[in-house]
file model.txt (compact mmCIF, C-alpha atoms and all ligand atoms)
# COMPACT_ATOMS: atom_id res chain seq x y z
CA MET Q 1 100.89 79.60 91.54
CA VAL Q 2 98.76 77.73 94.09
CA SER Q 3 95.14 78.10 93.18
CA VAL Q 4 91.92 76.70 94.53
CA SER Q 5 90.05 74.87 91.85
CA ARG Q 6 86.30 74.78 91.70
CA ARG Q 7 86.56 71.05 92.25
CA SER Q 8 88.62 71.42 95.43
CA LEU Q 9 86.15 73.95 96.78
CA LEU Q 10 83.27 71.63 96.02
CA ALA Q 11 85.19 68.78 97.67
CA LEU Q 12 85.49 71.01 100.70
CA GLY Q 13 81.72 71.43 100.57
CA ALA Q 14 81.32 67.64 100.66
CA ALA Q 15 83.75 67.35 103.56
CA LEU Q 16 82.08 70.08 105.56
CA PRO Q 17 78.32 69.73 105.24
CA VAL Q 18 77.92 73.06 106.98
CA LEU Q 19 79.11 74.79 103.82
CA GLY Q 20 76.17 73.39 101.88
CA HIS Q 21 75.90 74.59 98.28
CA LEU Q 22 78.86 76.77 97.42
CA ASP Q 23 77.69 77.85 94.01
CA TRP Q 24 76.82 81.28 95.35
CA ALA Q 25 80.42 81.69 96.44
CA LEU Q 26 81.73 80.91 92.97
CA ALA Q 27 79.04 82.70 91.01
CA GLY Q 28 80.12 84.96 88.19
CA PRO Q 29 83.12 85.02 85.93
CA PRO Q 30 86.66 85.68 87.23
CA PRO Q 31 87.47 89.39 87.50
CA LYS Q 32 88.73 90.93 84.24
CA LYS Q 33 92.02 92.80 84.39
CA SER Q 34 90.06 96.03 84.15
CA ASP Q 35 87.81 95.11 87.11
CA LYS Q 36 88.84 96.52 90.45
CA VAL Q 37 89.42 93.80 93.05
CA LEU Q 38 88.42 95.49 96.31
CA LEU Q 39 90.41 93.97 99.15
CA ASN Q 40 90.83 97.29 100.96
CA TYR Q 41 87.90 97.92 103.29
CA ASN Q 42 87.22 94.58 105.01
CA GLU Q 43 83.86 94.38 103.28
CA SER Q 44 82.16 91.10 102.42
CA PRO Q 45 82.51 90.17 98.75
CA TYR Q 46 79.19 88.31 98.96
CA GLY Q 47 76.88 91.12 100.08
CA PRO Q 48 73.60 90.47 101.90
CA SER Q 49 72.35 86.86 101.89
CA SER Q 50 69.43 86.03 99.63
CA ALA Q 51 67.05 85.96 102.62
CA ALA Q 52 68.34 89.39 103.67
CA ARG Q 53 67.85 90.76 100.13
CA GLU Q 54 64.23 89.61 100.08
CA ALA Q 55 63.61 91.14 103.50
CA MET Q 56 65.25 94.39 102.39
CA GLN Q 57 62.84 94.58 99.45
CA ARG Q 58 59.93 94.24 101.86
CA GLY Q 59 61.42 97.10 103.88
CA ILE Q 60 60.97 99.47 100.95
CA ALA Q 61 57.22 99.05 101.15
CA THR Q 62 57.11 99.84 104.88
CA SER Q 63 59.40 102.87 104.59
CA GLY Q 64 56.48 105.28 104.85
CA ARG Q 65 56.46 104.58 108.59
CA TYR Q 66 59.14 105.27 111.19
CA PRO Q 67 61.13 102.07 111.68
CA TYR Q 68 61.02 101.82 115.50
CA PRO Q 69 59.01 98.56 115.72
CA ASP Q 70 61.53 96.89 113.38
CA MET Q 71 64.36 98.30 115.44
CA TYR Q 72 62.97 96.88 118.68
CA ALA Q 73 62.26 93.55 117.00
CA LEU Q 74 65.90 93.32 115.85
CA ALA Q 75 67.21 94.21 119.32
CA ALA Q 76 64.88 91.61 120.85
CA LEU Q 77 66.01 88.87 118.47
CA PHE Q 78 69.70 89.59 119.04
CA ALA Q 79 69.13 89.71 122.81
CA GLN Q 80 67.25 86.42 122.76
CA GLN Q 81 69.99 84.71 120.71
CA GLN Q 82 72.68 86.02 123.07
CA GLY Q 83 70.81 85.36 126.33
CA ILE Q 84 70.70 89.02 127.39
CA ASN Q 85 67.88 91.54 127.90
CA GLU Q 86 66.66 93.67 125.03
CA GLU Q 87 67.28 96.78 127.19
CA ASN Q 88 70.98 95.92 126.80
CA VAL Q 89 70.89 96.42 123.02
CA ALA Q 90 70.87 99.73 121.12
CA VAL Q 91 70.69 99.90 117.32
CA PHE Q 92 72.68 102.46 115.30
CA ALA Q 93 73.26 103.29 111.66
CA GLY Q 94 76.61 101.46 111.75
CA SER Q 95 78.79 100.56 114.73
CA MET Q 96 81.18 103.38 113.79
CA ALA Q 97 78.54 105.86 114.97
CA ALA Q 98 78.17 104.01 118.28
CA LEU Q 99 81.96 103.97 118.66
CA ARG Q 100 82.28 107.71 118.03
CA TYR Q 101 79.49 108.44 120.50
CA ALA Q 102 81.20 106.21 123.06
CA VAL Q 103 84.40 108.23 122.73
CA LEU Q 104 82.45 111.49 123.08
CA ALA Q 105 80.58 110.13 126.10
CA PHE Q 106 83.42 108.48 128.01
CA THR Q 107 86.47 110.69 127.30
CA SER Q 108 87.25 114.36 127.90
CA PRO Q 109 90.32 116.61 128.07
CA THR Q 110 90.98 115.14 131.53
CA ARG Q 111 89.90 111.54 130.89
CA GLY Q 112 91.74 110.14 127.90
CA LEU Q 113 91.50 107.19 125.54
CA VAL Q 114 93.83 104.18 125.69
CA MET Q 115 93.98 101.88 122.68
CA ALA Q 116 96.37 99.63 120.78
CA THR Q 117 98.43 100.38 117.70
CA PRO Q 118 98.04 99.33 114.97
CA SER Q 119 94.29 99.19 115.47
CA TYR Q 120 91.09 100.72 114.13
CA GLU Q 121 91.71 104.46 113.94
CA VAL Q 122 88.17 105.80 114.45
CA PRO Q 123 88.34 106.05 118.26
CA ARG Q 124 91.64 107.91 118.09
CA GLN Q 125 90.25 110.37 115.55
CA ALA Q 126 87.12 110.91 117.63
CA ALA Q 127 89.16 111.51 120.78
CA GLU Q 128 91.49 113.95 119.02
CA SER Q 129 88.57 115.97 117.67
CA HIS Q 130 87.27 116.09 121.23
CA LYS Q 131 90.64 117.21 122.70
CA ALA Q 132 90.91 114.06 124.81
CA PRO Q 133 94.46 112.71 125.27
CA VAL Q 134 95.16 109.46 123.41
CA HIS Q 135 97.64 106.80 124.53
CA GLU Q 136 98.41 104.23 121.86
CA VAL Q 137 100.11 101.05 123.09
CA ASN Q 138 101.96 98.65 120.78
CA LEU Q 139 100.50 95.17 120.36
CA ASP Q 140 102.50 92.54 122.23
CA ALA Q 141 104.78 89.92 120.64
CA GLN Q 142 101.78 87.72 119.73
CA HIS Q 143 100.02 90.77 118.25
CA ALA Q 144 97.44 90.69 121.05
CA HIS Q 145 96.52 93.82 123.02
CA ASP Q 146 99.20 94.40 125.66
CA VAL Q 147 96.71 94.76 128.50
CA PRO Q 148 99.23 95.35 131.34
CA ALA Q 149 100.81 98.18 129.29
CA MET Q 150 97.37 99.58 128.41
CA LEU Q 151 96.38 99.57 132.09
CA ALA Q 152 99.59 101.42 132.97
CA ALA Q 153 99.34 103.92 130.09
CA ASN Q 154 96.98 106.44 131.68
CA PRO Q 155 95.57 106.05 135.20
CA GLN Q 156 93.10 108.85 134.36
CA ALA Q 157 91.75 107.16 131.22
CA GLY Q 158 88.02 107.45 130.65
CA MET Q 159 87.87 104.72 127.99
CA LEU Q 160 89.90 101.67 126.98
CA TYR Q 161 89.27 100.45 123.44
CA LEU Q 162 89.98 96.83 122.58
CA CYS Q 163 89.25 95.46 119.11
CA ASN Q 164 88.90 91.66 119.06
CA PRO Q 165 89.84 90.30 116.54
CA ASN Q 166 91.93 93.37 115.94
CA ASN Q 167 91.69 95.42 112.77
CA PRO Q 168 94.08 95.53 110.83
CA THR Q 169 96.02 92.48 112.09
CA GLY Q 170 93.13 90.02 112.46
CA THR Q 171 94.80 88.76 115.66
CA LEU Q 172 93.01 87.78 118.88
CA THR Q 173 93.47 88.94 122.45
CA PRO Q 174 92.96 86.13 125.01
CA THR Q 175 89.69 86.28 126.95
CA GLU Q 176 91.62 86.21 130.21
CA ALA Q 177 93.42 89.42 129.21
CA ILE Q 178 90.11 91.12 128.42
CA ARG Q 179 88.80 90.06 131.85
CA GLN Q 180 91.95 91.53 133.35
CA ALA Q 181 91.35 94.82 131.53
CA LEU Q 182 87.79 94.97 132.82
CA ALA Q 183 88.80 94.17 136.40
CA ASN Q 184 91.76 96.55 136.63
CA LYS Q 185 90.96 99.56 134.43
CA PRO Q 186 90.95 103.04 135.97
CA ARG Q 187 88.06 103.78 138.30
CA GLY Q 188 85.11 105.32 136.48
CA SER Q 189 86.34 104.29 133.02
CA VAL Q 190 84.51 102.17 130.43
CA LEU Q 191 85.96 99.25 128.49
CA VAL Q 192 84.75 99.21 124.88
CA VAL Q 193 85.25 95.85 123.15
CA ASP Q 194 84.74 96.10 119.40
CA GLU Q 195 83.61 92.71 118.08
CA ALA Q 196 83.09 93.76 114.45
CA TYR Q 197 84.95 90.62 113.29
CA ILE Q 198 84.21 88.16 116.13
CA ASP Q 199 81.97 85.93 113.99
CA PHE Q 200 84.89 85.05 111.72
CA SER Q 201 86.73 83.61 114.74
CA ASP Q 202 86.16 80.90 117.34
CA ALA Q 203 86.82 83.36 120.16
CA PRO Q 204 84.12 83.71 122.83
CA SER Q 205 82.19 86.96 122.75
CA CYS Q 206 82.07 89.37 125.70
CA VAL Q 207 78.41 90.22 125.00
CA SER Q 208 77.01 88.15 127.90
CA TRP Q 209 79.36 89.89 130.36
CA VAL Q 210 77.19 93.03 130.19
CA LYS Q 211 74.77 91.24 132.51
CA GLU Q 212 77.29 91.59 135.35
CA HIS Q 213 79.23 94.71 134.34
CA ASP Q 214 77.86 98.21 133.94
CA ASP Q 215 81.21 99.54 132.70
CA LEU Q 216 81.52 97.38 129.56
CA LEU Q 217 80.25 98.27 126.10
CA VAL Q 218 80.43 95.70 123.28
CA LEU Q 219 80.01 96.70 119.63
CA ARG Q 220 78.74 94.49 116.81
CA THR Q 221 78.10 95.17 113.14
CA PHE Q 222 76.22 93.67 110.20
CA SER Q 223 78.82 95.16 107.82
CA LYS Q 224 81.27 92.27 107.87
CA ILE Q 225 80.20 88.62 107.92
CA TYR Q 226 76.60 89.56 107.03
CA GLY Q 227 77.74 91.62 104.04
CA MET Q 228 75.63 94.70 104.80
CA ALA Q 229 78.23 97.49 105.01
CA GLY Q 230 76.20 99.72 102.70
CA ALA Q 231 73.02 99.17 104.72
CA ARG Q 232 74.63 100.73 107.84
CA LEU Q 233 73.63 98.68 110.82
CA GLY Q 234 75.50 98.28 114.09
CA LEU Q 235 74.66 97.34 117.67
CA ALA Q 236 75.91 98.66 120.98
CA VAL Q 237 75.48 96.25 123.87
CA GLY Q 238 75.74 97.36 127.49
CA HIS Q 239 73.97 98.42 130.64
CA PRO Q 240 70.95 100.63 129.82
CA ALA Q 241 72.59 103.54 131.71
CA LEU Q 242 75.66 103.32 129.43
CA LEU Q 243 73.48 103.15 126.33
CA GLU Q 244 71.69 106.29 127.55
CA ARG Q 245 75.01 108.10 127.51
CA LEU Q 246 75.47 107.23 123.81
CA ALA Q 247 71.89 108.15 122.96
CA VAL Q 248 72.58 111.77 123.94
CA PHE Q 249 74.79 112.06 120.86
CA GLY Q 250 72.62 110.22 118.36
CA GLY Q 251 69.95 107.91 119.70
CA ASP Q 252 67.84 108.93 116.72
CA ASN Q 253 70.52 107.83 114.24
CA VAL Q 254 68.63 104.65 113.37
CA PRO Q 255 68.92 102.59 110.17
CA ALA Q 256 66.27 102.37 107.46
CA ALA Q 257 63.53 99.74 107.66
CA SER Q 258 65.18 97.77 104.83
CA SER Q 259 68.41 97.52 106.78
CA LEU Q 260 66.61 96.45 109.94
CA LEU Q 261 64.64 93.75 108.13
CA GLY Q 262 67.75 92.54 106.29
CA ALA Q 263 69.65 92.30 109.57
CA ARG Q 264 66.83 90.34 111.17
CA ALA Q 265 66.71 87.91 108.25
CA SER Q 266 70.50 87.46 108.56
CA LEU Q 267 70.21 86.52 112.24
CA GLU Q 268 67.33 84.18 111.55
CA ASP Q 269 69.30 82.33 108.84
CA VAL Q 270 71.33 80.17 111.20
CA ALA Q 271 73.22 78.39 108.40
CA LEU Q 272 74.60 81.63 106.94
CA LEU Q 273 77.22 82.51 109.51
CA PRO Q 274 78.98 79.11 109.69
CA GLN Q 275 79.01 78.91 105.88
CA ARG Q 276 80.62 82.29 105.45
CA LYS Q 277 82.98 81.77 108.35
CA ALA Q 278 84.27 78.46 106.94
CA LEU Q 279 84.69 79.83 103.44
CA ASN Q 280 86.52 82.94 104.68
CA ALA Q 281 88.85 80.82 106.84
CA ARG Q 282 89.61 78.49 103.95
CA LEU Q 283 90.46 81.27 101.50
CA ARG Q 284 92.45 83.21 104.12
CA GLU Q 285 94.52 80.19 105.12
CA GLU Q 286 95.20 79.21 101.50
CA THR Q 287 96.39 82.71 100.66
CA ILE Q 288 98.58 82.90 103.77
CA ALA Q 289 100.04 79.43 103.10
CA TRP Q 290 100.91 80.53 99.56
CA LEU Q 291 102.54 83.74 100.82
CA LYS Q 292 104.55 81.79 103.41
CA THR Q 293 105.76 79.36 100.75
CA HIS Q 294 107.13 82.40 98.97
CA GLY Q 295 108.94 83.67 102.05
CA PHE Q 296 106.48 86.28 103.37
CA THR Q 297 105.42 86.62 107.00
CA CYS Q 298 101.73 87.17 107.76
CA THR Q 299 99.82 87.88 110.96
CA VAL Q 300 97.94 84.97 112.58
CA SER Q 301 94.50 86.12 111.57
CA HIS Q 302 91.12 84.98 112.87
CA SER Q 303 89.26 87.54 110.78
CA ASN Q 304 88.43 88.52 107.20
CA CYS Q 305 91.72 90.40 106.87
CA PHE Q 306 95.37 89.77 107.59
CA MET Q 307 98.63 91.65 107.25
CA ILE Q 308 101.70 90.80 105.19
CA ASP Q 309 105.26 91.98 105.78
CA VAL Q 310 105.97 93.01 102.19
CA LYS Q 311 109.68 93.65 102.92
CA GLN Q 312 109.50 97.06 101.23
CA PRO Q 313 107.67 100.29 102.03
CA ALA Q 314 103.99 99.35 102.30
CA ALA Q 315 103.02 102.36 100.20
CA HIS Q 316 105.08 101.02 97.26
CA ALA Q 317 103.41 97.62 97.38
CA ILE Q 318 99.95 99.18 97.66
CA GLU Q 319 100.64 101.41 94.64
CA ARG Q 320 101.98 98.57 92.54
CA LEU Q 321 98.98 96.38 93.28
CA ALA Q 322 96.58 99.29 92.69
CA ALA Q 323 98.17 99.93 89.29
CA GLN Q 324 96.89 96.45 88.35
CA ASN Q 325 93.45 97.12 89.90
CA VAL Q 326 94.06 95.10 93.05
CA MET Q 327 93.22 97.40 95.94
CA VAL Q 328 94.57 96.55 99.41
CA GLY Q 329 94.50 98.38 102.71
CA ARG Q 330 96.46 101.32 103.84
CA VAL Q 331 99.68 102.05 105.75
CA TRP Q 332 99.82 101.96 109.56
CA LYS Q 333 102.55 104.29 110.73
CA ASN Q 334 104.33 101.95 113.16
CA TRP Q 335 104.16 98.97 110.77
CA PRO Q 336 105.54 100.70 107.69
CA GLN Q 337 106.34 97.50 105.76
CA TRP Q 338 103.05 95.70 106.34
CA VAL Q 339 99.92 95.86 104.20
CA ARG Q 340 96.41 94.73 105.13
CA VAL Q 341 94.55 92.46 102.76
CA THR Q 342 90.84 91.71 103.02
CA VAL Q 343 89.79 88.15 102.13
CA GLY Q 344 87.74 88.29 98.93
CA THR Q 345 86.15 85.57 96.84
CA GLN Q 346 88.13 82.62 95.56
CA ARG Q 347 88.51 84.27 92.18
CA GLU Q 348 89.59 87.56 93.74
CA MET Q 349 92.23 85.82 95.83
CA GLU Q 350 93.52 84.05 92.73
CA ARG Q 351 93.87 87.42 91.04
CA PHE Q 352 95.52 88.86 94.15
CA ARG Q 353 98.15 86.10 94.08
CA GLU Q 354 98.80 86.56 90.38
CA VAL Q 355 99.32 90.32 90.73
CA PHE Q 356 101.24 90.04 94.02
CA ALA Q 357 103.64 87.57 92.42
CA ALA Q 358 104.26 89.88 89.48
CA GLN Q 359 104.28 93.24 91.24
CA VAL Q 360 105.46 92.74 94.82
CA MET Q 361 107.57 89.58 94.85
CA LYS Q 362 109.58 90.73 91.91
CA ALA Q 363 109.88 94.34 93.11
C1 LIG T 1 86.94 97.41 114.08
C2 LIG T 1 85.83 98.07 113.36
N1 LIG T 1 84.83 98.60 114.06
C3 LIG T 1 83.81 99.21 113.45
C4 LIG T 1 83.78 99.35 112.09
C5 LIG T 1 82.64 100.10 111.47
O1 LIG T 1 81.63 99.27 111.12
P1 LIG T 1 80.22 99.82 110.65
O2 LIG T 1 80.14 99.57 109.18
O3 LIG T 1 79.24 99.04 111.45
O4 LIG T 1 80.13 101.29 110.98
C6 LIG T 1 84.79 98.82 111.32
C7 LIG T 1 84.77 98.95 109.85
O5 LIG T 1 85.66 98.67 109.15
C8 LIG T 1 85.86 98.17 111.97
O6 LIG T 1 86.88 97.67 111.29
call {"tool": "encode", "arguments": {"input": "model.txt", "output": "structure tokens", "more": "lines below"}}
Ligand SMILES: Cc1ncc(COP(=O)(O)O)c(C=O)c1O
result
Amino acid sequence: MVSVSRRSLLALGAALPVLGHLDWALAGPPPKKSDKVLLNYNESPYGPSSAAREAMQRGIATSGRYPYPDMYALAALFAQQQGINEENVAVFAGSMAALRYAVLAFTSPTRGLVMATPSYEVPRQAAESHKAPVHEVNLDAQHAHDVPAMLAANPQAGMLYLCNPNNPTGTLTPTEAIRQALANKPRGSVLVVDEAYIDFSDAPSCVSWVKEHDDLLVLRTFSKIYGMAGARLGLAVGHPALLERLAVFGGDNVPAASSLLGARASLEDVALLPQRKALNARLREETIAWLKTHGFTCTVSHSNCFMIDVKQPAAHAIERLAAQNVMVGRVWKNWPQWVRVTVGTQREMERFREVFAAQVMKA
């Protein structure tokens, strides 16, 4: 079994000064067989950074007051870092809420949703509950969004959803294709670009485009690279008039002061993102290289998850791994032999390989 030794990881730290001290990434003993290894929800195995944890503690003390000043301060900091106006940023208790509200605002029984498959299911579920027609379009041969097919899918669409990098595949859609979607989508529709995983990739963000386009909404979250999934904090970025349309459904659905302060501390810690990005990429690529050596095909991921063709019904592989306490992601109906794996810590990926070799390769 290929494994990453502590020494090789520390050597990586020496080679890439940006990684700095990696002890935090290796902290703690390897998982015991009875410990669940959670590679199933694309969460960060590292949690909030230490600066974020300290800030979150401070947030407890201020929780007697409504958190609006902290909310505006976070929006202002994000806007300043991205070179946009703070009026272009709305804060929600998780980007999932903003995404659901977008579907409610921009689709209807006559103006449907167009999205890719496999992709993040929340917009489809929201549209279905709202009786809006849904057109799901297969990813193209490179596992990018097939923008020409999406544009042709429903000329009456009210919303196009594009997840970049895509969940569950981790694959990217070229910026030119996203520009094409924005330029050619049905009249009166809104393009929603979900950038939950963008910070794991080198892809350019669409956030700055909102300065020129009032029909583009970009979503961001602190749940992934910043490790704050449980703190529920997401951002919607767009023209103020678009953000108003989301606010109707839940503009008061704001996060707690602790979450807001933790998010601000995460943005202020400029070393954090490149450290986590480099470590995630290293562990992802090592795991994929090992799987390829053993004859498995994986998606070309730029994210904290990737998919594996397990050459058997995905549900079998998931069950066999779960029986050994290694939890991986679910089954996507049109990719029935592929499973999604979230990139965990070095030790978790070692355990994943051990159990995969015993339970899936030999199945
Ligand atoms: C593509 C995508 N968008 C949004 C979300 C939701 O993120 P949040 O925790 O901010 O609600 C997820 C969570 O897995 C996701 O994969």
call {"tool": "residues_near_ligand", "arguments": {"input": "model.txt", "ligand": "ligand LIG 1 (chain T)", "cutoff": "10 Å", "atoms": "only C-alpha atoms and all ligand atoms", "output": "VMD selection string"}}
result
chain Q and resid 40 to 43 92 to 100 119 to 123 162 to 168 170 193 to 198 219 to 224 227 to 235 305
call {"tool": "closest_residue", "arguments": {"input": "model.txt", "among": "Q:Val248, Q:Val137, Q:Val114, Q:Cys298", "to": "Pro186 in chain Q", "atoms": "all atoms listed in the file"}}
result
Q:Val114
call {"tool": "atom_distance", "arguments": {"input": "model.txt", "atom1": "CA of Val218 in chain Q", "atom2": "CA of Val237 in chain Q"}}
result
5.0 Å
call {"tool": "atom_distance", "arguments": {"input": "model.txt", "atom1": "CA of Pro118 in chain Q", "atom2": "CA of Ser303 in chain Q"}}
result
15.3 Å
call {"tool": "axis_aligned_box", "arguments": {"input": "model.txt", "around": "range 96-108 of chain Q", "padding_each_side": "5 Å", "output": "lines of an AutoDock Vina configuration file"}}
result
center_x = 82.7
center_y = 108.9
center_z = 120.9
size_x = 19.1
size_y = 21.0
size_z = 24.2
call {"tool": "atom_distance", "arguments": {"input": "model.txt", "atom1": "CA of Asn325 in chain Q", "atom2": "CA of Asn304 in chain Q"}}
result
20.0 Å
call {"tool": "residues_around", "arguments": {"input": "model.txt", "residues": "Pro133 in chain Q", "least_positions_apart": "3", "cutoff": "8 Å", "atoms": "only C-alpha atoms", "output": "PyMOL selection string"}}
result
chain Q and resi 108-113+127-128
call {"tool": "write_last_selection", "arguments": {"input": "model.txt", "atoms": "C-alpha atoms", "output": "short mmCIF file (atom, residue, chain, number, x, y, z; two decimals), in the coordinates of the input"}}
result
data_model
loop_
_atom_site.label_atom_id
_atom_site.label_comp_id
_atom_site.auth_asym_id
_atom_site.auth_seq_id
_atom_site.Cartn_x
_atom_site.Cartn_y
_atom_site.Cartn_z
CA SER Q 108 87.25 114.36 127.90
CA PRO Q 109 90.32 116.61 128.07
CA THR Q 110 90.98 115.14 131.53
CA ARG Q 111 89.90 111.54 130.89
CA GLY Q 112 91.74 110.14 127.90
CA LEU Q 113 91.50 107.19 125.54
CA ALA Q 127 89.16 111.51 120.78
CA GLU Q 128 91.49 113.95 119.02
#
call {"tool": "closest_residue", "arguments": {"input": "model.txt", "among": "Q:Val326, Q:Val331, Q:Leu74, Q:Val310", "to": "Ser34 in chain Q", "atoms": "only C-alpha atoms"}}
result
Q:Val326
call {"tool": "closest_residue", "arguments": {"input": "model.txt", "among": "Q:Ala132, Q:Ala256, Q:Ala116, Q:Ala315", "to": "Asp146 in chain Q", "atoms": "all atoms listed in the file"}}
result
Q:Ala116
call {"tool": "residues_around", "arguments": {"input": "model.txt", "residues": "Ala323 in chain Q", "least_positions_apart": "3", "cutoff": "12 Å", "atoms": "only C-alpha atoms", "output": "list in words"}}
result
Lys33, Ser34, Asp35, Lys36, Val37, His316, Ala317, Ile318, Glu319, Arg320, Val326, Met327, Val328, Val355, Phe356, Ala358, Gln359 and Val360 of chain Q
call {"tool": "decode", "arguments": {"input": "model.txt", "residues": "range 161-177 of chain Q", "atoms": "N, CA and C atoms", "output": "tab-separated table (two decimals), in the first residue's frame"}}
result
chain	number	residue	atom	x	y	z
Q	161	TYR	N	-28.29	26.52	-13.20
Q	161	TYR	CA	-27.42	26.29	-12.04
Q	161	TYR	C	-26.13	25.63	-12.53
Q	162	LEU	N	-25.01	26.20	-12.13
Q	162	LEU	CA	-23.71	25.67	-12.58
Q	162	LEU	C	-22.79	25.62	-11.36
Q	163	CYS	N	-22.35	24.43	-11.02
Q	163	CYS	CA	-21.55	24.22	-9.81
Q	163	CYS	C	-20.09	24.05	-10.23
Q	164	ASN	N	-19.22	24.95	-9.79
Q	164	ASN	CA	-17.83	24.95	-10.29
Q	164	ASN	C	-16.83	25.19	-9.16
Q	165	PRO	N	-15.96	24.21	-8.83
Q	165	PRO	CA	-15.94	22.82	-9.30
Q	165	PRO	C	-17.26	22.12	-8.95
Q	166	ASN	N	-17.56	21.13	-9.77
Q	166	ASN	CA	-18.85	20.45	-9.59
Q	166	ASN	C	-18.80	19.47	-8.41
Q	167	ASN	N	-19.87	19.42	-7.67
Q	167	ASN	CA	-20.09	18.37	-6.68
Q	167	ASN	C	-21.07	17.40	-7.34
Q	168	PRO	N	-20.79	16.11	-7.48
Q	168	PRO	CA	-19.81	15.30	-6.77
Q	168	PRO	C	-18.49	15.04	-7.52
Q	169	THR	N	-18.34	15.47	-8.77
Q	169	THR	CA	-17.20	15.01	-9.55
Q	169	THR	C	-15.90	15.73	-9.22
Q	170	GLY	N	-16.01	16.97	-8.72
Q	170	GLY	CA	-14.81	17.77	-8.45
Q	170	GLY	C	-14.24	18.41	-9.71
Q	171	THR	N	-14.91	18.21	-10.85
Q	171	THR	CA	-14.39	18.68	-12.14
Q	171	THR	C	-14.75	20.14	-12.40
Q	172	LEU	N	-13.94	20.77	-13.27
Q	172	LEU	CA	-14.14	22.20	-13.57
Q	172	LEU	C	-14.85	22.39	-14.90
Q	173	THR	N	-15.55	23.50	-15.00
Q	173	THR	CA	-16.11	23.95	-16.28
Q	173	THR	C	-15.30	25.16	-16.72
Q	174	PRO	N	-14.82	25.19	-17.98
Q	174	PRO	CA	-13.97	26.31	-18.39
Q	174	PRO	C	-14.69	27.66	-18.25
Q	175	THR	N	-13.91	28.67	-17.89
Q	175	THR	CA	-14.47	30.02	-17.70
Q	175	THR	C	-15.19	30.50	-18.95
Q	176	GLU	N	-14.62	30.17	-20.11
Q	176	GLU	CA	-15.23	30.61	-21.37
Q	176	GLU	C	-16.65	30.05	-21.51
Q	177	ALA	N	-16.83	28.80	-21.07
Q	177	ALA	CA	-18.16	28.18	-21.16
Q	177	ALA	C	-19.14	28.88	-20.20
